[in-house]
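One file, final_28.tsv, is given below (TSV, C-alpha atoms).
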chain	number	residue	atom	x	y	z
A	1	MET	CA	30.88	0.15	47.37
A	2	THR	CA	34.23	0.07	45.55
A	3	GLU	CA	32.87	-2.39	42.94
A	4	ILE	CA	29.75	-0.41	41.88
A	5	GLY	CA	31.41	1.78	39.26
A	6	LYS	CA	33.34	-1.19	37.88
A	7	LYS	CA	30.17	-3.32	37.64
A	8	LEU	CA	28.28	-0.58	35.82
A	9	LYS	CA	31.16	0.11	33.43
A	10	ASN	CA	31.63	-3.60	32.61
A	11	ALA	CA	27.89	-4.01	32.03
A	12	ARG	CA	27.89	-0.97	29.73
A	13	ILE	CA	30.81	-2.34	27.70
A	14	GLU	CA	29.11	-5.77	27.45
A	15	LYS	CA	26.02	-4.04	26.07
A	16	GLY	CA	28.22	-2.29	23.51
A	17	TYR	CA	27.32	1.20	24.74
A	18	THR	CA	29.69	4.15	24.72
A	19	LEU	CA	29.31	6.95	27.26
A	20	ASP	CA	27.80	9.08	24.49
A	21	ASP	CA	25.27	6.31	23.73
A	22	LEU	CA	24.35	6.06	27.40
A	23	GLN	CA	23.98	9.82	27.67
A	24	GLN	CA	21.57	9.80	24.70
A	25	ILE	CA	19.50	6.93	26.17
A	26	THR	CA	19.31	8.04	29.81
A	27	LYS	CA	19.58	11.83	29.22
A	28	ILE	CA	22.10	11.90	32.11
A	29	GLN	CA	25.01	14.25	31.40
A	30	LYS	CA	28.21	12.50	30.37
A	31	ARG	CA	30.23	14.06	33.21
A	32	TYR	CA	27.83	12.50	35.74
A	33	LEU	CA	28.13	9.09	34.04
A	34	ILE	CA	31.93	9.30	34.29
A	35	ALA	CA	31.67	10.32	37.95
A	36	ILE	CA	29.43	7.30	38.68
A	37	GLU	CA	31.89	4.89	36.99
A	38	ASP	CA	34.77	6.48	38.93
A	39	GLU	CA	32.62	6.36	42.11
A	40	ARG	CA	32.99	10.11	42.63
A	41	PHE	CA	29.43	10.42	43.90
A	42	GLU	CA	30.17	13.76	45.53
A	43	ALA	CA	30.34	15.29	42.01
A	44	LEU	CA	26.60	14.61	41.53
A	45	PRO	CA	23.99	17.28	42.53
A	46	GLY	CA	22.95	15.40	45.72
A	47	ASP	CA	22.17	12.07	47.39
A	48	PHE	CA	18.75	11.90	45.75
A	49	TYR	CA	20.29	12.17	42.26
A	50	VAL	CA	23.03	9.66	43.14
A	51	LYS	CA	20.34	7.03	43.73
A	52	ALA	CA	18.20	8.18	40.80
A	53	PHE	CA	21.07	8.24	38.28
A	54	VAL	CA	22.57	4.92	39.50
A	55	ARG	CA	19.13	3.29	39.28
A	56	GLN	CA	18.58	4.53	35.73
A	57	TYR	CA	22.15	3.55	34.69
A	58	ALA	CA	21.69	0.02	36.13
A	59	ASP	CA	18.25	-0.47	34.53
A	60	THR	CA	19.64	0.59	31.15
A	61	VAL	CA	22.58	-1.84	31.18
A	62	GLY	CA	20.51	-4.69	32.67
A	63	LEU	CA	21.78	-4.80	36.27
A	64	ASN	CA	19.76	-5.11	39.49
A	65	SER	CA	19.46	-1.48	40.59
A	66	GLU	CA	18.15	-2.31	44.08
A	67	GLU	CA	21.22	-4.41	44.97
A	68	LEU	CA	23.56	-1.63	43.80
A	69	LEU	CA	21.64	1.03	45.73
A	70	ASN	CA	21.68	-1.12	48.89
A	71	SER	CA	25.44	-1.53	48.58
A	72	ILE	CA	25.81	2.25	48.16
A	73	GLY	CA	23.81	2.82	51.36
A	74	GLU	CA	25.76	0.24	53.37
A	75	GLY	CA	29.12	1.49	52.11
A	76	ALA	CA	28.27	5.12	52.80
A	77	ALA	CA	27.15	4.29	56.35
A	78	LYS	CA	30.36	2.34	57.11
A	79	GLN	CA	32.53	5.04	55.64
A	80	GLN	CA	30.78	7.75	57.65
A	81	GLU	CA	31.19	5.76	60.89
A	82	SER	CA	34.89	5.09	60.25
A	83	ASP	CA	35.80	8.58	59.03
A	84	PRO	CA	33.26	11.30	59.94
A	85	ASP	CA	35.73	14.08	59.13
A	86	LYS	CA	36.06	12.82	55.55
A	87	SER	CA	32.27	12.71	55.23
A	88	GLU	CA	32.07	16.31	56.32
A	89	SER	CA	34.86	17.17	53.89
A	90	ARG	CA	32.91	15.56	51.04
A	91	GLU	CA	29.86	17.57	52.01
A	92	ASP	CA	31.92	20.76	51.87
A	93	THR	CA	33.29	19.71	48.49
A	94	ARG	CA	29.79	19.04	47.21
A	95	LYS	CA	28.65	22.48	48.36
A	96	ARG	CA	31.59	24.12	46.65
A	97	ILE	CA	30.89	22.21	43.44
A	98	GLU	CA	27.22	23.22	43.58
A	99	ALA	CA	28.16	26.87	44.16
A	100	THR	CA	30.61	26.72	41.25
A	101	ARG	CA	27.96	25.14	39.02
A	102	GLN	CA	25.44	27.86	39.85
A	103	SER	CA	28.05	30.56	39.20
A	104	MET	CA	28.90	28.98	35.84
A	105	GLU	CA	25.22	28.82	34.91
A	106	LYS	CA	24.82	32.55	35.66
A	107	THR	CA	27.94	33.32	33.59
A	108	ASN	CA	26.68	31.15	30.72
A	109	ASN	CA	23.29	32.89	30.78
A	110	PHE	CA	24.96	36.31	30.62
A	111	ASN	CA	27.26	35.21	27.79
A	112	ARG	CA	24.27	33.78	25.94
A	113	PHE	CA	22.50	37.12	26.26
A	114	LEU	CA	25.57	38.93	24.93
A	115	SER	CA	25.71	36.56	21.96
A	116	TYR	CA	22.07	37.35	21.14
A	117	LEU	CA	22.53	41.14	21.55
A	118	PRO	CA	23.70	41.85	17.95
A	119	THR	CA	20.75	39.88	16.59
A	120	ILE	CA	18.33	41.81	18.81
A	121	ILE	CA	19.77	45.13	17.64
A	122	ILE	CA	19.49	44.09	13.97
A	123	VAL	CA	15.86	43.01	14.47
A	124	LEU	CA	14.99	46.34	16.09
A	125	ILE	CA	16.61	48.24	13.20
A	126	VAL	CA	14.69	46.17	10.62
A	127	VAL	CA	11.41	46.75	12.50
A	128	ALA	CA	12.08	50.50	12.59
A	129	ILE	CA	12.78	50.55	8.83
A	130	LEU	CA	9.65	48.55	8.02
A	131	GLY	CA	7.60	50.84	10.27
A	132	SER	CA	8.92	53.92	8.47
A	133	ILE	CA	8.12	52.39	5.07
A	134	TYR	CA	4.60	51.52	6.20
A	135	PHE	CA	4.04	55.04	7.57
A	136	VAL	CA	5.18	56.70	4.30
A	137	ALA	CA	3.04	54.32	2.20
A	138	TRP	CA	0.00	54.93	4.39
A	139	ASN	CA	0.36	58.74	4.08
A	140	LYS	CA	0.69	58.42	0.31
A	141	HIS	CA	-2.42	56.25	0.17
A	142	GLN	CA	-4.39	58.77	2.24
A	143	LYS	CA	-3.36	61.65	-0.04
A	144	THR	CA	-4.33	59.65	-3.14
A	145	ALA	CA	-7.72	58.80	-1.64
A	146	ASP	CA	-8.38	62.45	-0.74
A	147	SER	CA	-7.48	63.65	-4.24
A	148	GLN	CA	-9.73	61.03	-5.81
A	149	GLN	CA	-12.60	62.11	-3.56
A	150	ILE	CA	-12.14	65.74	-4.58
A	151	GLN	CA	-12.09	64.81	-8.28
A	152	SER	CA	-15.22	62.67	-7.98
A	153	SER	CA	-17.09	65.40	-6.13
A	154	SER	CA	-16.15	68.01	-8.79
A	155	THR	CA	-17.32	65.79	-11.66
A	156	LYS	CA	-20.69	64.88	-10.16
A	157	VAL	CA	-23.66	65.55	-12.36
A	158	SER	CA	-26.79	67.14	-10.94
A	159	VAL	CA	-29.33	64.64	-9.75
A	160	SER	CA	-32.05	63.77	-12.25
A	161	SER	CA	-35.54	64.94	-11.43
A	162	ASP	CA	-36.95	61.59	-12.44
A	163	GLY	CA	-38.47	60.21	-9.20
A	164	THR	CA	-38.65	56.67	-10.54
A	165	SER	CA	-34.88	56.43	-11.14
A	166	THR	CA	-34.23	57.73	-7.62
A	167	SER	CA	-36.55	55.12	-6.11
A	168	LYS	CA	-34.85	52.39	-8.13
A	169	LYS	CA	-31.46	53.48	-6.82
A	170	ASN	CA	-32.79	53.45	-3.26
A	171	ALA	CA	-34.21	49.97	-3.73
A	172	GLU	CA	-30.87	48.72	-5.11
A	173	GLU	CA	-29.01	50.28	-2.16
A	174	LYS	CA	-31.34	48.53	0.28
A	175	LYS	CA	-30.72	45.21	-1.46
A	176	VAL	CA	-26.96	45.70	-1.26
A	177	THR	CA	-27.24	46.63	2.43
A	178	LYS	CA	-29.29	43.49	3.17
A	179	LYS	CA	-26.81	41.30	1.28
A	180	SER	CA	-23.83	42.80	3.13
A	181	SER	CA	-25.52	42.42	6.51
A	182	SER	CA	-26.43	38.81	5.75
A	183	SER	CA	-22.85	38.07	4.63
A	184	VAL	CA	-21.50	39.63	7.84
A	185	SER	CA	-23.88	37.59	10.00
A	186	SER	CA	-23.05	34.38	8.11
A	187	SER	CA	-19.31	35.00	8.50
A	188	SER	CA	-19.74	35.59	12.26
A	189	VAL	CA	-21.71	32.32	12.52
A	190	LYS	CA	-18.92	30.52	10.66
A	191	LYS	CA	-16.33	31.97	13.04
A	192	LYS	CA	-18.34	30.85	16.06
A	193	SER	CA	-18.81	27.36	14.64
A	194	SER	CA	-15.11	27.06	13.79
A	195	SER	CA	-14.12	28.13	17.31
A	196	LYS	CA	-16.47	25.53	18.77
A	197	THR	CA	-15.00	22.77	16.60
A	198	LYS	CA	-11.46	23.20	17.97
A	199	LYS	CA	-10.33	19.81	19.15
A	200	LYS	CA	-8.82	19.05	22.54
A	201	VAL	CA	-5.16	18.05	22.84
A	202	GLN	CA	-4.82	14.25	22.75
A	203	LEU	CA	-1.92	12.20	24.19
A	204	SER	CA	-1.71	8.44	23.61
A	205	LEU	CA	1.05	5.97	24.58
A	206	ALA	CA	2.85	4.65	21.49
A	207	SER	CA	5.64	2.55	23.05
A	208	ASN	CA	7.48	1.88	26.32
A	209	SER	CA	10.96	0.52	27.13
A	210	GLY	CA	12.06	0.51	30.75
A	211	SER	CA	11.83	4.08	32.02
A	212	SER	CA	11.40	5.55	28.51
A	213	PHE	CA	7.89	6.28	27.19
A	214	VAL	CA	6.89	7.52	23.73
A	215	TYR	CA	3.54	9.30	23.22
A	216	ASN	CA	1.70	10.65	20.18
A	217	LEU	CA	0.60	14.29	20.61
A	218	LYS	CA	-2.41	15.23	18.43
A	219	ASN	CA	-4.35	18.50	17.96
A	220	SER	CA	-1.41	20.56	19.23
A	221	SER	CA	-0.84	24.26	18.50
A	222	LYS	CA	1.75	25.70	16.15
A	223	THR	CA	3.67	26.81	19.23
A	224	ASN	CA	3.36	24.45	22.19
A	225	THR	CA	3.88	25.27	25.88
A	226	VAL	CA	5.09	22.78	28.50
A	227	LYS	CA	4.39	23.70	32.13
A	228	VAL	CA	6.27	21.85	34.91
A	229	SER	CA	5.09	22.12	38.54
A	230	VAL	CA	6.38	20.39	41.67
A	231	LYS	CA	4.59	19.47	44.89
A	232	ASP	CA	5.66	17.94	48.25
A	233	SER	CA	9.34	17.66	47.23
A	234	SER	CA	12.05	19.09	44.99
A	235	ALA	CA	12.55	17.69	41.48
A	236	TRP	CA	14.97	18.04	38.58
A	237	THR	CA	13.51	18.35	35.07
A	238	ALA	CA	14.94	18.89	31.57
A	239	VAL	CA	12.91	19.82	28.44
A	240	SER	CA	14.26	19.42	24.87
A	241	ALA	CA	12.80	20.06	21.40
A	242	ASP	CA	14.09	17.98	18.46
A	243	GLY	CA	17.14	17.00	20.56
A	244	THR	CA	18.01	20.60	21.57
A	245	GLN	CA	17.70	21.34	25.29
A	246	GLN	CA	15.34	24.27	25.95
A	247	TRP	CA	15.54	24.30	29.76
A	248	GLN	CA	16.76	22.24	32.71
A	249	GLY	CA	16.67	22.92	36.43
A	250	THR	CA	15.61	21.82	39.90
A	251	LEU	CA	12.28	23.16	41.20
A	252	SER	CA	11.39	23.27	44.89
A	253	SER	CA	7.99	22.25	46.26
A	254	GLY	CA	5.22	24.59	45.09
A	255	ALA	CA	7.29	26.06	42.22
A	256	ASP	CA	6.51	25.83	38.50
A	257	HIS	CA	8.14	26.76	35.18
A	258	GLU	CA	6.82	27.19	31.62
A	259	VAL	CA	8.86	26.26	28.53
A	260	LYS	CA	7.89	27.60	25.08
A	261	ILE	CA	8.62	25.01	22.38
A	262	PRO	CA	9.92	26.49	19.07
A	263	GLU	CA	7.41	26.53	16.21
A	264	GLY	CA	7.82	23.66	13.76
A	265	SER	CA	9.28	21.21	16.30
A	266	SER	CA	8.43	17.56	15.62
A	267	SER	CA	9.18	16.10	19.06
A	268	ILE	CA	9.41	17.11	22.72
A	269	THR	CA	11.54	15.18	25.25
A	270	ILE	CA	10.97	15.60	29.01
A	271	ASN	CA	13.41	14.03	31.51
A	272	LEU	CA	12.11	13.70	35.07
A	273	GLY	CA	14.34	13.08	38.10
A	274	ASN	CA	11.38	12.79	40.51
A	275	SER	CA	8.28	12.00	38.49
A	276	LYS	CA	6.12	11.23	41.53
A	277	ALA	CA	6.39	14.84	42.72
A	278	THR	CA	6.10	16.39	39.24
A	279	LYS	CA	3.02	17.48	37.30
A	280	ILE	CA	3.07	18.40	33.60
A	281	SER	CA	0.56	20.21	31.39
A	282	ILE	CA	0.71	20.65	27.60
A	283	ASN	CA	-0.93	23.81	26.25
A	284	GLY	CA	-2.93	24.08	29.48
A	285	HIS	CA	-4.12	20.44	29.40
A	286	SER	CA	-3.00	18.10	32.20
A	287	PHE	CA	-0.70	15.23	31.11
A	288	ASN	CA	-1.32	12.19	33.38
A	289	PHE	CA	1.87	10.22	32.67
A	290	LEU	CA	1.85	8.44	36.07
A	291	LYS	CA	-0.93	6.11	34.87
A	292	ASP	CA	1.79	4.38	32.81
A	293	ASN	CA	3.82	2.60	35.57
A	294	SER	CA	3.40	4.90	38.57
A	295	SER	CA	6.20	3.15	40.50
A	296	LEU	CA	9.01	4.78	38.45
A	297	THR	CA	10.83	7.76	39.92
A	298	VAL	CA	13.12	8.61	37.00
A	299	ARG	CA	11.59	8.50	33.53
A	300	THR	CA	11.96	9.93	30.02
A	301	LEU	CA	8.87	11.13	28.15
A	302	THR	CA	9.03	11.67	24.37
A	303	LEU	CA	6.07	13.38	22.65
A	304	LYS	CA	5.82	12.90	18.88
A	305	ILE	CA	3.89	15.91	17.47
A	306	LYS	CA	1.41	14.77	14.84
Would it be possible to restate this file's structure as structure tokens?
Amino acid sequence: MTEIGKKLKNARIEKGYTLDDLQQITKIQKRYLIAIEDERFEALPGDFYVKAFVRQYADTVGLNSEELLNSIGEGAAKQQESDPDKSESREDTRKRIEATRQSMEKTNNFNRFLSYLPTIIIVLIVVAILGSIYFVAWNKHQKTADSQQIQSSSTKVSVSSDGTSTSKKNAEEKKVTKKSSSSVSSSSVKKKSSSKTKKKVQLSLASNSGSSFVYNLKNSSKTNTVKVSVKDSSAWTAVSADGTQQWQGTLSSGADHEVKIPEGSSSITINLGNSKATKISINGHSFNFLKDNSSLTVRTLTLKIK
């Protein structure tokens, strides 16, 4: 097992990849890539992700991932038999690292909220000012309308006794009423027809390289929603929009999470650590990505919004 990190690092260098390049391709965090090359597997989230990340690393640099994973399993078994206390110590270390990571995530979330607080306060103040302006303008408009109504009622002329002119006015009013009702009905028909002609979201495979898949997303909304759900196992998922991570986390079996994509985004990237246990829907429509090479566990899905 002592040669795994060295083999992966040499293969990466032969390919001409830096750690930053590999992070961009595999979407695996740089600190995990360094830990794999240094063979500090206890720094990874768990045994499942050790195998998943090593497999994806090996596939990217052109090595046989199965041979490397077999050597990891054999080496771990021998090491556990020869030094069970050290194995337990590594497990304790892993737990401490995981606890520290969770604590840092909570702290980062709180700090992020504090950084947004001034913006939230400014937005609330602006909304209050705009509301006040609207209220004053509306009152002024109401007063103007009332005064105009009073003036028009005071300047009315007595109705002519000519019955024919009155009948003509009534006939004209009826025509106007019929025209307005017909325009209303035609507009409602147009609204119904437009709602019926809304097209369904379409996803089509554009290209594929290893565990990376690129799809074209058509008929999407201005603001898109990605829903991730997990069944029969736990799974890690990360969702990014135009290269900016929107959410990442590990969901347990039966759990789900929705991610709102910012308006105007041109691409969505979804990294799956356990694609066989993960289901994805886009704007409420199921995304059957497993039909494109269902044997992969780790994969990267990129949706180009058209």
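As for atom CA of A:Glu66 and atom CA of A:Ala235, they are spaced 20.9 Å apart.
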Within 10 Å of (17.8, 3.0, 34.4) (coordinates as in the file), grab all the protein and nucleic acid residues, counting only C-alpha atoms, and write them out as a PDB file with C-alpha atoms, keeping the file's coordinate frame.
ATOM      1  CA  ILE A  25      19.500   6.930  26.170  1.00  0.00           C
ATOM      2  CA  THR A  26      19.310   8.040  29.810  1.00  0.00           C
ATOM      3  CA  ALA A  52      18.200   8.180  40.800  1.00  0.00           C
ATOM      4  CA  PHE A  53      21.070   8.240  38.280  1.00  0.00           C
ATOM      5  CA  VAL A  54      22.570   4.920  39.500  1.00  0.00           C
ATOM      6  CA  ARG A  55      19.130   3.290  39.280  1.00  0.00           C
ATOM      7  CA  GLN A  56      18.580   4.530  35.730  1.00  0.00           C
ATOM      8  CA  TYR A  57      22.150   3.550  34.690  1.00  0.00           C
ATOM      9  CA  ALA A  58      21.690   0.020  36.130  1.00  0.00           C
ATOM     10  CA  ASP A  59      18.250  -0.470  34.530  1.00  0.00           C
ATOM     11  CA  THR A  60      19.640   0.590  31.150  1.00  0.00           C
ATOM     12  CA  VAL A  61      22.580  -1.840  31.180  1.00  0.00           C
ATOM     13  CA  GLY A  62      20.510  -4.690  32.670  1.00  0.00           C
ATOM     14  CA  LEU A  63      21.780  -4.800  36.270  1.00  0.00           C
ATOM     15  CA  ASN A  64      19.760  -5.110  39.490  1.00  0.00           C
ATOM     16  CA  SER A  65      19.460  -1.480  40.590  1.00  0.00           C
ATOM     17  CA  GLY A 210      12.060   0.510  30.750  1.00  0.00           C
ATOM     18  CA  SER A 211      11.830   4.080  32.020  1.00  0.00           C
ATOM     19  CA  SER A 212      11.400   5.550  28.510  1.00  0.00           C
ATOM     20  CA  LEU A 296       9.010   4.780  38.450  1.00  0.00           C
ATOM     21  CA  VAL A 298      13.120   8.610  37.000  1.00  0.00           C
ATOM     22  CA  ARG A 299      11.590   8.500  33.530  1.00  0.00           C
TER      23      ARG A 299
END
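With all atoms listed in the file as the atoms that count, the residue of A:Arg101, A:Ile4, A:Ala11, A:Ala238 with the shortest distance to A:Ala43 is A:Arg101.
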So that I can check the surroundings of A:Leu251, please list as a PDB file with C-alpha atoms, keeping the file's coordinate frame every protein, DNA and RNA residue that reaches within 12 Å of it, counting all atoms listed in the file and ignoring chain neighbours fewer than 4 positions away.
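File produced: selection-v9.pdb:
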ATOM      1  CA  VAL A 228       6.270  21.850  34.910  1.00  0.00           C
ATOM      2  CA  SER A 229       5.090  22.120  38.540  1.00  0.00           C
ATOM      3  CA  VAL A 230       6.380  20.390  41.670  1.00  0.00           C
ATOM      4  CA  LYS A 231       4.590  19.470  44.890  1.00  0.00           C
ATOM      5  CA  ASP A 232       5.660  17.940  48.250  1.00  0.00           C
ATOM      6  CA  SER A 233       9.340  17.660  47.230  1.00  0.00           C
ATOM      7  CA  SER A 234      12.050  19.090  44.990  1.00  0.00           C
ATOM      8  CA  ALA A 235      12.550  17.690  41.480  1.00  0.00           C
ATOM      9  CA  TRP A 236      14.970  18.040  38.580  1.00  0.00           C
ATOM     10  CA  THR A 237      13.510  18.350  35.070  1.00  0.00           C
ATOM     11  CA  ALA A 238      14.940  18.890  31.570  1.00  0.00           C
ATOM     12  CA  TRP A 247      15.540  24.300  29.760  1.00  0.00           C
ATOM     13  CA  ALA A 255       7.290  26.060  42.220  1.00  0.00           C
ATOM     14  CA  ASP A 256       6.510  25.830  38.500  1.00  0.00           C
ATOM     15  CA  HIS A 257       8.140  26.760  35.180  1.00  0.00           C
ATOM     16  CA  GLU A 258       6.820  27.190  31.620  1.00  0.00           C
ATOM     17  CA  LEU A 272      12.110  13.700  35.070  1.00  0.00           C
ATOM     18  CA  GLY A 273      14.340  13.080  38.100  1.00  0.00           C
ATOM     19  CA  ASN A 274      11.380  12.790  40.510  1.00  0.00           C
ATOM     20  CA  ALA A 277       6.390  14.840  42.720  1.00  0.00           C
ATOM     21  CA  THR A 278       6.100  16.390  39.240  1.00  0.00           C
ATOM     22  CA  LYS A 279       3.020  17.480  37.300  1.00  0.00           C
TER      23      LYS A 279
END
Distance query A:Ser204 at most 12 Å, only C-alpha atoms, self and fewer than 2 positions along chain excluded, as a compact mmCIF listing (two decimals) with C-alpha atoms, in the frame of the given file:
# COMPACT_ATOMS: atom_id res chain seq x y z
CA VAL A 201 -5.16 18.05 22.84
CA GLN A 202 -4.82 14.25 22.75
CA ALA A 206 2.85 4.65 21.49
CA SER A 207 5.64 2.55 23.05
CA ASN A 208 7.48 1.88 26.32
CA PHE A 213 7.89 6.28 27.19
CA VAL A 214 6.89 7.52 23.73
CA TYR A 215 3.54 9.30 23.22
CA ASN A 216 1.70 10.65 20.18
CA LEU A 217 0.60 14.29 20.61
CA LYS A 218 -2.41 15.23 18.43
CA ASN A 219 -4.35 18.50 17.96
CA PHE A 287 -0.70 15.23 31.11
CA ASN A 288 -1.32 12.19 33.38
CA PHE A 289 1.87 10.22 32.67
CA LYS A 291 -0.93 6.11 34.87
CA ASP A 292 1.79 4.38 32.81
CA LEU A 301 8.87 11.13 28.15
CA THR A 302 9.03 11.67 24.37
CA LEU A 303 6.07 13.38 22.65
CA LYS A 304 5.82 12.90 18.88
CA ILE A 305 3.89 15.91 17.47
CA LYS A 306 1.41 14.77 14.84
Using only C-alpha atoms: which of A:Val136, A:Asn10, A:Ser281, A:Gly5 has the shortest distance to A:Tyr32: A:Gly5
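With atom CA of A:Tyr116 on one side and atom CA of A:Leu130 on the other, the separation reads 21.3 Å.
Using only C-alpha atoms, the shortest contact distance between A:Ile268 and any of A:Glu98, A:Asp146, A:Asp242, A:Glu42 is found at A:Asp242.
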The centre and edge lengths of an axis-aligned box containing all atoms of stretch 35-54 of chain A present in the file, extended by 4 Å on each side, are to be given in Å to one decimal, as AutoDock Vina command-line options.
--center_x 26.5 --center_y 11.1 --center_z 42.2 --size_x 24.6 --size_y 20.4 --size_z 18.4
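Taking atom CA of A:Val239 and atom CA of A:Ile270 as endpoints, the distance between them is 4.7 Å.
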Can you patch up stretch 227-239 of chain A, filling it in to N, CA, C and O atoms, and show the result as a JSON list (two decimals), in the frame of the given file?
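Once written, out24.json looks like this:
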[["chain", "number", "residue", "atom", "x", "y", "z"],
["A", 227, "LYS", "N", 4.33, 23.14, 30.78],
["A", 227, "LYS", "CA", 4.39, 23.70, 32.13],
["A", 227, "LYS", "C", 4.74, 22.59, 33.12],
["A", 227, "LYS", "O", 4.12, 21.54, 33.14],
["A", 228, "VAL", "N", 5.80, 22.82, 33.91],
["A", 228, "VAL", "CA", 6.27, 21.85, 34.91],
["A", 228, "VAL", "C", 6.02, 22.43, 36.29],
["A", 228, "VAL", "O", 6.42, 23.56, 36.57],
["A", 229, "SER", "N", 5.32, 21.68, 37.16],
["A", 229, "SER", "CA", 5.09, 22.12, 38.54],
["A", 229, "SER", "C", 5.45, 20.99, 39.49],
["A", 229, "SER", "O", 5.34, 19.81, 39.14],
["A", 230, "VAL", "N", 5.88, 21.36, 40.69],
["A", 230, "VAL", "CA", 6.38, 20.39, 41.67],
["A", 230, "VAL", "C", 5.61, 20.57, 42.98],
["A", 230, "VAL", "O", 5.31, 21.69, 43.39],
["A", 231, "LYS", "N", 5.33, 19.44, 43.64],
["A", 231, "LYS", "CA", 4.59, 19.47, 44.89],
["A", 231, "LYS", "C", 5.17, 18.43, 45.85],
["A", 231, "LYS", "O", 5.54, 17.35, 45.46],
["A", 232, "ASP", "N", 5.25, 18.82, 47.14],
["A", 232, "ASP", "CA", 5.66, 17.94, 48.25],
["A", 232, "ASP", "C", 7.13, 17.55, 48.23],
["A", 232, "ASP", "O", 7.58, 16.78, 49.09],
["A", 233, "SER", "N", 7.92, 18.02, 47.27],
["A", 233, "SER", "CA", 9.34, 17.66, 47.23],
["A", 233, "SER", "C", 10.03, 18.54, 46.20],
["A", 233, "SER", "O", 9.39, 19.36, 45.55],
["A", 234, "SER", "N", 11.33, 18.41, 46.07],
["A", 234, "SER", "CA", 12.05, 19.09, 44.99],
["A", 234, "SER", "C", 12.27, 18.09, 43.86],
["A", 234, "SER", "O", 12.33, 16.88, 44.09],
["A", 235, "ALA", "N", 12.41, 18.59, 42.63],
["A", 235, "ALA", "CA", 12.55, 17.69, 41.48],
["A", 235, "ALA", "C", 13.34, 18.38, 40.38],
["A", 235, "ALA", "O", 13.16, 19.56, 40.12],
["A", 236, "TRP", "N", 14.20, 17.57, 39.73],
["A", 236, "TRP", "CA", 14.97, 18.04, 38.58],
["A", 236, "TRP", "C", 14.24, 17.66, 37.30],
["A", 236, "TRP", "O", 13.70, 16.57, 37.15],
["A", 237, "THR", "N", 14.20, 18.59, 36.34],
["A", 237, "THR", "CA", 13.51, 18.35, 35.07],
["A", 237, "THR", "C", 14.32, 18.99, 33.95],
["A", 237, "THR", "O", 14.95, 20.04, 34.14],
["A", 238, "ALA", "N", 14.31, 18.32, 32.77],
["A", 238, "ALA", "CA", 14.94, 18.89, 31.57],
["A", 238, "ALA", "C", 13.96, 18.75, 30.41],
["A", 238, "ALA", "O", 13.31, 17.72, 30.26],
["A", 239, "VAL", "N", 13.83, 19.82, 29.58],
["A", 239, "VAL", "CA", 12.91, 19.82, 28.44],
["A", 239, "VAL", "C", 13.71, 20.12, 27.18],
["A", 239, "VAL", "O", 14.48, 21.10, 27.14]]
